[in-house]
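*Asks:* Below is the file work10.txt, which contains compact mmCIF, C-alpha atoms (C1' of nucleotides).
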# COMPACT_ATOMS: atom_id res chain seq x y z
CA MET E 1 20.19 -9.46 17.34
CA ARG E 2 17.15 -11.16 15.91
CA GLN E 3 15.97 -10.26 12.44
CA LYS E 4 12.71 -8.33 12.42
CA LYS E 5 10.12 -10.99 11.75
CA LYS E 6 8.62 -10.39 8.37
CA SER E 7 4.97 -11.07 7.97
CA GLU E 8 5.27 -14.20 5.82
CA LEU E 9 1.81 -13.48 4.56
CA LEU E 10 0.98 -12.53 1.01
CA THR E 11 -0.45 -9.17 0.12
CA GLU E 12 -3.66 -8.93 -1.84
CA VAL E 13 -2.11 -8.89 -5.29
CA GLU E 14 0.60 -11.35 -4.39
CA LEU E 15 -2.10 -13.81 -3.33
CA GLU E 16 -3.95 -13.17 -6.56
CA PHE E 17 -0.82 -14.19 -8.50
CA MET E 18 0.07 -17.12 -6.28
CA THR E 19 -3.42 -18.47 -6.78
CA GLN E 20 -2.81 -18.62 -10.52
CA LEU E 21 0.61 -20.18 -10.03
CA TRP E 22 -0.78 -22.84 -7.73
CA ASP E 23 -3.33 -23.58 -10.37
CA LEU E 24 -0.90 -23.68 -13.26
CA GLY E 25 1.95 -25.37 -11.48
CA GLU E 26 4.44 -23.08 -13.14
CA ALA E 27 4.02 -20.19 -15.52
CA THR E 28 5.48 -17.19 -17.28
CA VAL E 29 4.36 -13.62 -16.68
CA ARG E 30 2.22 -13.91 -19.78
CA ASP E 31 0.62 -17.16 -18.61
CA VAL E 32 -0.42 -15.65 -15.30
CA LEU E 33 -1.77 -12.52 -16.92
CA ASP E 34 -3.81 -14.61 -19.36
CA GLN E 35 -5.19 -16.64 -16.50
CA LEU E 36 -6.52 -13.64 -14.58
CA PRO E 37 -10.29 -13.14 -14.64
CA GLU E 38 -12.01 -11.08 -17.30
CA GLY E 39 -11.81 -7.40 -16.65
CA ARG E 40 -8.65 -7.61 -14.65
CA ASN E 41 -6.46 -5.62 -16.98
CA LEU E 42 -2.94 -5.31 -15.75
CA ALA E 43 -0.03 -4.02 -17.77
CA TYR E 44 2.54 -6.65 -18.61
CA THR E 45 5.16 -4.83 -16.59
CA SER E 46 2.89 -4.84 -13.56
CA GLY E 47 2.69 -8.59 -13.71
CA ALA E 48 6.44 -8.86 -14.09
CA THR E 49 6.93 -6.64 -11.05
CA ILE E 50 4.63 -8.72 -8.88
CA LEU E 51 6.39 -11.94 -9.82
CA LYS E 52 9.74 -10.29 -9.16
CA ILE E 53 8.55 -9.27 -5.71
CA LEU E 54 7.30 -12.78 -5.03
CA GLU E 55 10.70 -14.10 -5.97
CA THR E 56 12.45 -11.61 -3.70
CA LYS E 57 10.20 -12.71 -0.87
CA GLU E 58 10.97 -16.29 -1.79
CA PHE E 59 7.42 -17.39 -2.44
CA VAL E 60 8.48 -18.44 -5.93
CA THR E 61 11.62 -19.40 -7.80
CA SER E 62 12.31 -18.87 -11.46
CA ARG E 63 14.34 -20.49 -14.17
CA LYS E 64 15.09 -19.20 -17.62
CA ASP E 65 13.62 -20.75 -20.70
CA GLY E 66 14.91 -18.96 -23.76
CA LYS E 67 14.40 -15.33 -23.03
CA ARG E 68 11.59 -15.73 -20.61
CA HIS E 69 11.35 -16.63 -16.98
CA ILE E 70 9.25 -19.47 -15.72
CA PHE E 71 8.01 -19.08 -12.18
CA LYS E 72 7.07 -21.78 -9.75
CA PRO E 73 5.79 -21.63 -6.17
CA THR E 74 8.20 -22.64 -3.45
CA LEU E 75 5.35 -22.90 -0.98
CA ALA E 76 2.45 -25.25 -1.62
CA LYS E 77 -1.06 -23.92 -1.40
CA ASP E 78 -1.81 -26.37 1.40
CA ALA E 79 1.00 -24.98 3.46
CA TYR E 80 -0.07 -21.43 2.87
CA GLN E 81 -3.65 -22.26 3.78
CA THR E 82 -2.44 -23.69 7.06
CA ARG E 83 -0.31 -20.65 7.69
CA SER E 84 -3.18 -18.28 7.00
CA LEU E 85 -5.52 -20.18 9.26
CA LYS E 86 -2.97 -20.13 12.02
CA ASP E 87 -2.57 -16.40 11.60
CA LEU E 88 -6.30 -15.78 11.71
CA SER E 89 -6.70 -18.08 14.64
CA VAL E 90 -4.02 -16.27 16.63
CA LYS E 91 -5.15 -12.80 15.77
CA LEU E 92 -8.87 -13.20 16.14
CA PHE E 93 -9.67 -16.43 17.95
CA ASP E 94 -7.21 -16.56 20.85
CA ASP E 95 -5.29 -19.28 19.05
CA THR E 96 -8.19 -21.63 19.68
CA PRO E 97 -9.20 -23.44 16.50
CA ALA E 98 -12.38 -24.72 18.10
CA SER E 99 -13.67 -21.20 18.54
CA LEU E 100 -12.88 -20.50 14.93
CA VAL E 101 -14.96 -23.47 13.87
CA ALA E 102 -17.65 -22.42 16.31
CA ARG E 103 -17.95 -19.10 14.52
CA LEU E 104 -18.00 -20.88 11.21
CA VAL E 105 -20.75 -23.36 12.05
CA ASN E 106 -22.85 -20.67 13.72
CA ASP E 107 -22.84 -18.66 10.54
CA ASP E 108 -26.35 -18.75 9.19
CA ALA E 109 -25.02 -18.63 5.67
CA LEU E 110 -23.48 -22.07 6.11
CA THR E 111 -25.46 -24.69 4.24
CA GLU E 112 -26.66 -27.95 5.68
CA GLU E 113 -24.56 -29.71 3.11
CA ALA E 114 -21.38 -27.94 4.15
CA LEU E 115 -22.15 -28.78 7.74
CA GLY E 116 -22.48 -32.45 6.90
CA GLN E 117 -19.20 -32.40 5.02
CA ILE E 118 -17.49 -30.81 7.95
CA ARG E 119 -18.79 -33.42 10.31
CA ALA E 120 -17.60 -36.17 8.04
CA LEU E 121 -14.14 -34.64 7.92
CA VAL E 122 -13.86 -34.40 11.66
CA ASP E 123 -15.14 -37.93 12.15
CA ARG E 124 -12.68 -39.33 9.66
CA ARG E 125 -9.79 -37.61 11.35
CA LEU E 126 -10.91 -38.83 14.76
CA LYS E 127 -11.24 -42.39 13.48
CA ASN E 128 -7.81 -42.33 11.90
CA ASP E 129 -6.25 -41.12 15.11
CA THR E 130 -7.79 -43.72 17.37
CA GLY E 131 -8.19 -46.68 15.03
CA MET N 1 -20.89 5.41 -10.73
CA ARG N 2 -20.24 2.83 -8.08
CA GLN N 3 -18.20 3.75 -5.07
CA LYS N 4 -14.81 2.00 -5.00
CA LYS N 5 -15.37 -0.99 -2.76
CA LYS N 6 -13.43 -0.44 0.45
CA SER N 7 -11.89 -3.50 1.96
CA GLU N 8 -14.02 -3.61 5.11
CA LEU N 9 -11.19 -5.46 6.76
CA LEU N 10 -9.05 -4.08 9.54
CA THR N 11 -5.37 -3.43 9.07
CA GLU N 12 -2.86 -4.95 11.47
CA VAL N 13 -2.81 -2.07 13.94
CA GLU N 14 -6.49 -1.37 13.61
CA LEU N 15 -7.19 -4.97 14.60
CA GLU N 16 -4.81 -4.63 17.51
CA PHE N 17 -6.84 -1.68 18.77
CA MET N 18 -10.23 -3.19 18.05
CA THR N 19 -9.21 -6.23 20.04
CA GLN N 20 -8.69 -4.03 23.07
CA LEU N 21 -11.94 -2.20 22.49
CA TRP N 22 -13.88 -5.45 22.17
CA ASP N 23 -12.33 -6.49 25.43
CA LEU N 24 -13.00 -3.23 27.24
CA GLY N 25 -16.41 -2.51 25.77
CA GLU N 26 -15.55 1.13 25.43
CA ALA N 27 -12.41 3.08 26.18
CA THR N 28 -10.40 6.25 25.84
CA VAL N 29 -7.13 6.50 23.97
CA ARG N 30 -5.36 6.18 27.31
CA ASP N 31 -7.32 3.07 28.26
CA VAL N 32 -6.42 1.28 25.06
CA LEU N 33 -2.77 2.23 25.32
CA ASP N 34 -2.64 0.95 28.90
CA GLN N 35 -4.22 -2.31 27.81
CA LEU N 36 -1.61 -3.07 25.16
CA PRO N 37 0.89 -5.79 25.99
CA GLU N 38 4.16 -5.04 27.73
CA GLY N 39 6.79 -3.73 25.41
CA ARG N 40 4.32 -2.27 22.96
CA ASN N 41 5.29 1.35 23.38
CA LEU N 42 3.24 3.62 21.22
CA ALA N 43 3.18 7.38 21.50
CA TYR N 44 -0.09 8.74 22.79
CA THR N 45 -0.66 10.60 19.55
CA SER N 46 -0.21 7.39 17.59
CA GLY N 47 -2.99 5.80 19.56
CA ALA N 48 -5.20 8.81 19.01
CA THR N 49 -4.54 8.64 15.28
CA ILE N 50 -5.48 4.97 15.04
CA LEU N 51 -8.74 5.52 16.87
CA LYS N 52 -9.50 8.49 14.66
CA ILE N 53 -8.93 6.34 11.60
CA LEU N 54 -11.16 3.62 13.01
CA GLU N 55 -13.86 6.23 13.50
CA THR N 56 -13.47 7.51 9.96
CA LYS N 57 -13.81 3.96 8.68
CA GLU N 58 -16.83 3.58 10.95
CA PHE N 59 -15.54 0.66 12.96
CA VAL N 60 -16.05 2.74 16.12
CA THR N 61 -18.07 5.69 17.29
CA SER N 62 -17.07 8.18 19.92
CA ARG N 63 -18.76 10.44 22.41
CA LYS N 64 -17.21 13.20 24.47
CA ASP N 65 -16.83 12.88 28.20
CA GLY N 66 -15.35 16.11 29.52
CA LYS N 67 -12.36 16.78 27.37
CA ARG N 68 -11.78 13.25 26.29
CA HIS N 69 -13.32 10.96 23.75
CA ILE N 70 -14.71 7.57 24.59
CA PHE N 71 -14.62 5.09 21.78
CA LYS N 72 -16.87 2.12 21.25
CA PRO N 73 -16.99 -0.55 18.54
CA THR N 74 -19.84 -0.34 16.07
CA LEU N 75 -19.12 -3.86 14.88
CA ALA N 76 -19.19 -6.77 17.32
CA LYS N 77 -16.22 -9.09 17.45
CA ASP N 78 -18.47 -11.99 16.42
CA ALA N 79 -19.48 -10.19 13.28
CA TYR N 80 -15.94 -9.33 12.41
CA GLN N 81 -14.84 -12.91 12.97
CA THR N 82 -17.50 -14.07 10.56
CA ARG N 83 -16.47 -11.45 8.04
CA SER N 84 -12.82 -12.45 8.27
CA LEU N 85 -13.60 -16.12 7.86
CA LYS N 86 -15.71 -15.39 4.83
CA ASP N 87 -12.88 -13.37 3.34
CA LEU N 88 -10.32 -16.10 3.94
CA SER N 89 -12.69 -18.72 2.64
CA VAL N 90 -13.29 -16.81 -0.58
CA LYS N 91 -9.69 -15.91 -1.18
CA LEU N 92 -8.01 -19.18 -0.33
CA PHE N 93 -10.61 -21.96 -0.15
CA ASP N 94 -12.84 -21.41 -3.18
CA ASP N 95 -15.56 -20.14 -0.87
CA THR N 96 -15.98 -23.67 0.45
CA PRO N 97 -16.02 -23.70 4.26
CA ALA N 98 -15.69 -27.46 4.35
CA SER N 99 -12.31 -27.29 2.66
CA LEU N 100 -11.22 -24.69 5.16
CA VAL N 101 -12.14 -27.02 7.99
CA ALA N 102 -10.45 -29.86 6.15
CA ARG N 103 -7.21 -27.94 6.18
CA LEU N 104 -7.69 -27.14 9.84
CA VAL N 105 -8.35 -30.68 10.99
CA ASN N 106 -5.50 -32.05 8.91
CA ASP N 107 -3.10 -29.74 10.65
CA ASP N 108 -0.89 -31.93 12.79
CA ALA N 109 -0.62 -29.17 15.34
CA LEU N 110 -4.30 -29.55 16.16
CA THR N 111 -4.78 -31.28 19.48
CA GLU N 112 -7.08 -34.21 20.10
CA GLU N 113 -8.96 -32.05 22.55
CA ALA N 114 -9.58 -29.31 20.00
CA LEU N 115 -10.77 -31.92 17.56
CA GLY N 116 -13.26 -33.26 20.09
CA GLN N 117 -14.55 -29.77 20.77
CA ILE N 118 -14.99 -29.16 17.11
CA ARG N 119 -16.97 -32.34 16.66
CA ALA N 120 -19.20 -31.43 19.56
CA LEU N 121 -19.87 -28.03 18.04
CA VAL N 122 -20.82 -29.47 14.71
CA ASP N 123 -23.03 -32.11 16.28
CA ARG N 124 -24.84 -29.55 18.39
CA ARG N 125 -25.51 -27.39 15.38
CA LEU N 126 -26.78 -30.34 13.37
CA LYS N 127 -29.10 -31.43 16.21
CA ASN N 128 -30.51 -27.93 16.60
CA ASP N 129 -31.28 -27.73 12.94
CA THR N 130 -33.07 -31.04 12.65
CA GLY N 131 -34.58 -31.45 16.13
C1' DT I 1 23.65 -9.88 -39.71
C1' DT I 2 20.46 -6.66 -39.26
C1' DT I 3 16.04 -5.89 -37.25
C1' DG I 4 11.88 -6.30 -34.97
C1' DA I 5 8.97 -8.08 -31.44
C1' DA I 6 8.73 -9.83 -26.96
C1' DA I 7 10.66 -10.04 -22.45
C1' DA I 8 13.20 -8.25 -18.70
C1' DA I 9 15.36 -4.50 -15.99
C1' DC I 10 14.97 -0.26 -14.03
C1' DG I 11 12.77 3.58 -12.03
C1' DA I 12 9.23 5.81 -10.15
C1' DA I 13 4.43 7.81 -9.23
C1' DA I 14 0.36 7.32 -6.47
C1' DC I 15 -1.52 5.40 -2.64
C1' DT I 16 -2.07 3.29 2.02
C1' DC I 17 -0.34 2.26 6.54
C1' DT I 18 2.12 3.19 10.77
C1' DT I 19 4.12 6.21 13.70
C1' DA I 20 4.82 10.45 15.98
C1' DG I 21 6.07 15.59 16.49
C1' DT I 22 4.09 20.19 17.03
C1' DA I 23 0.29 23.19 17.74
C1' DT I 24 -3.98 24.03 19.67
C1' DT I 25 -7.79 23.32 22.72
C1' DT I 26 -9.88 21.98 26.99
C1' DA I 27 -11.02 21.93 31.66
C1' DC I 28 -9.54 21.99 36.22
C1' DT I 29 -6.85 24.51 40.08
C1' DC I 30 -5.20 28.56 42.46
C1' DG P 1 -8.95 34.86 35.05
C1' DA P 2 -4.01 32.83 34.51
C1' DG P 3 -1.49 28.75 34.60
C1' DT P 4 -0.99 24.04 33.73
C1' DA P 5 -1.53 19.30 32.52
C1' DA P 6 -3.85 16.40 29.53
C1' DA P 7 -6.37 15.71 25.44
C1' DT P 8 -7.33 16.61 20.64
C1' DA P 9 -6.15 18.44 15.95
C1' DC P 10 -3.11 18.86 12.44
C1' DT P 11 0.71 17.57 9.67
C1' DA P 12 3.98 14.76 7.90
C1' DA P 13 7.87 11.36 7.43
C1' DG P 14 9.07 6.77 6.09
C1' DA P 15 7.91 2.23 4.63
C1' DG P 16 5.38 -0.94 1.86
C1' DT P 17 2.05 -1.83 -1.94
C1' DT P 18 0.27 -1.49 -6.52
C1' DT P 19 0.70 0.03 -10.91
C1' DC P 20 3.02 1.16 -15.17
C1' DG P 21 6.28 3.88 -18.44
C1' DT P 22 10.90 3.85 -20.40
C1' DT P 23 15.07 1.65 -21.47
C1' DT P 24 17.70 -2.31 -22.33
C1' DT P 25 18.27 -7.04 -23.53
C1' DT P 26 17.24 -11.19 -25.92
C1' DC P 27 16.03 -14.34 -29.32
C1' DA P 28 14.43 -15.52 -33.83
C1' DA P 29 13.22 -14.47 -38.50
C1' DA P 30 14.23 -12.12 -42.77
Taking this structure as input, can you express it in the form of structure tokens?
*Replies:*
Amino acid sequence: MRQKKKSELLTEVELEFMTQLWDLGEATVRDVLDQLPEGRNLAYTSGATILKILETKEFVTSRKDGKRHIFKPTLAKDAYQTRSLKDLSVKLFDDTPASLVARLVNDDALTEEALGQIRALVDRRLKNDTG
Amino acid sequence: MRQKKKSELLTEVELEFMTQLWDLGEATVRDVLDQLPEGRNLAYTSGATILKILETKEFVTSRKDGKRHIFKPTLAKDAYQTRSLKDLSVKLFDDTPASLVARLVNDDALTEEALGQIRALVDRRLKNDTG
DNA sequence: TTTGAAAAACGAAACTCTTAGTATTTACTC
DNA sequence: GAGTAAATACTAAGAGTTTCGTTTTTCAAA
């Protein structure tokens, strides 16, 4: 019997915390809390709970340093970005990355500069593949 | 006092239903249920509940036809795709679409064909803007 | 070695999401 | 108009998410 596939995606608050951890490399509860944007006032215990949950879900590991825990991502941001894009692509773009990009480049809010950067990226990848 | 900002994003099951509605144009509870993939066995009342929720959240409207309701999206799939991409971009790519595309084109799973399509899309958009 | 502050462990309340059972309404058929 | 099948309305259970209070543990300083 196959295990029920868990989502493997972060919830809103989990992502908020992982973002800080990716930035810091590794951090204590206190570090993460301090890193959160102004006005985001979470109780210390809330932060501890989130990190605990992330550890249970195996998005982070922890080691002890004195009396405190130091947390570190087990999944790189790159990898999670790829995973999220795949998920979005499957759920909303028929698993067709080109149609995802189509929607992106047809967005009026996209600047000319961003468009140029995107083209450069694609060209570079194409060159590397063939040359 | 500002209204608490609602997420404006669909939940998992809401998206599942909206996908069918976008496909069908408009539909009854029964229609959507019939359209779901094999093996997805939802009680009729569950389907009705989801559509009701979607109506409350104003993702769909309904009109009566005899004794049944016919539901129709108020938000086009295109628009929701754009909204979702914006959300992902903000949350995971520093609101920088180019870095999102960078992650996409550096994904080894991306086919050469998809890459070519993407380049064509970008080129076309650039031509339209300048020419 | 006591003690005091910080951290962790534990437990849980409030809320949302997903699913569906029961009750009621609706509209057609005899 | 009464019966019936299908739809809607109402209600709620169970799981997961977000938040935090209380209790216990831990280390270091007096």
*Asks:* Report as a ChimeraX atom specification the set of chain E residues whose atoms approach chain N to within 6 Å, with distances computed over all atoms listed in the file.
*Replies:* /E:98,114,118
*Asks:* Do you know which residues are at most 9 Å from stretch 1-11 of chain P counting only C-alpha atoms (C1' of nucleotides), after dropping those on the same chain fewer than 2 positions away, and could you put them as a list in words?
*Replies:*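 What passes the distance filter is Ala48, Lys67, Arg68 and His69 of chain N; DG21, DT22, DA23, DT24, DT25, DT26, DT29 and DC30 of chain I.
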*Asks:* Step by step: start from the point (3.8, 1.7, 18.7) in the file's coordinates, keep every protein, DNA or RNA residue that has an atom no farther than 12 Å from it, count all atoms listed in the file, and write the set as a PyMOL selection string.
*Replies:* (chain N and resi 12-14+16-17+33+36-50) or (chain I and resi 18-20)
*Asks:* So which one's closest to chain I, E:Val29, E:Val60, E:Leu75, E:Leu54? Using all atoms listed in the file, please.
*Replies:*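 For chain I, the nearest of the candidates is E:Val29.
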*Asks:* Distance table requested - chain P against stretch 7-11 of chain E, cut-off 12 Å, all atoms listed in the file: one row per qualifying residue with the closest atom pair and its distance in Å to one decimal, ordered by chain and rising residue number, as a tab-separated table.
*Replies:*
residue	atom	partner	partner_atom	distance
P:DG16	C1'	E:Thr11	CA	10.2
P:DT17	C1'	E:Thr11	CA	8.0
P:DT18	C1'	E:Thr11	CA	10.2
*Asks:* For the atom pair atom CA of E:Thr74 and atom CA of E:Phe59, what is the interatomic distance in Å to one decimal place?
*Replies:*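 Result for atom CA of E:Thr74 versus atom CA of E:Phe59: 5.4 Å, one decimal.
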*Asks:* Would you work out the distance separating atom C1' of I:DG4 from atom C1' of P:DA29, expressed in Å to one decimal?
*Replies:*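 Interatomic distance here is 9.0 Å.
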*Asks:* Find the residues near E:Thr28: any atom within 10 Å, counting all atoms listed in the file, skip ones fewer than 3 places away on the same chain, and give them as a list in words.
*Replies:*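 Neighbouring residues, sequence-local ones excluded: Leu21, Leu24, Asp31, Val32, Leu33, Asp34, Gly47, Ala48, Leu51, Ser62, Arg63, Lys64, Asp65, Arg68, His69, Ile70, Phe71 and Lys72 of chain E.
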*Asks:* Restrict the distance test to only C-alpha atoms (C1' of nucleotides), flag each residue of chain P within 9 Å of chain E, and return the flagged residues as a list in words.
*Replies:*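 In the required form, that comes to DT17, DT18, DT19, DC20, DG21, DT26 and DC27 of chain P.
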*Asks:* Check the smallest atom-to-atom distance from each of N:Met18, N:Ala27, N:Ile53, N:Val90 to I:DC17 using all atoms listed in the file, then report the winner.
*Replies:*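 Result for the nearest residue to I:DC17: N:Ile53.
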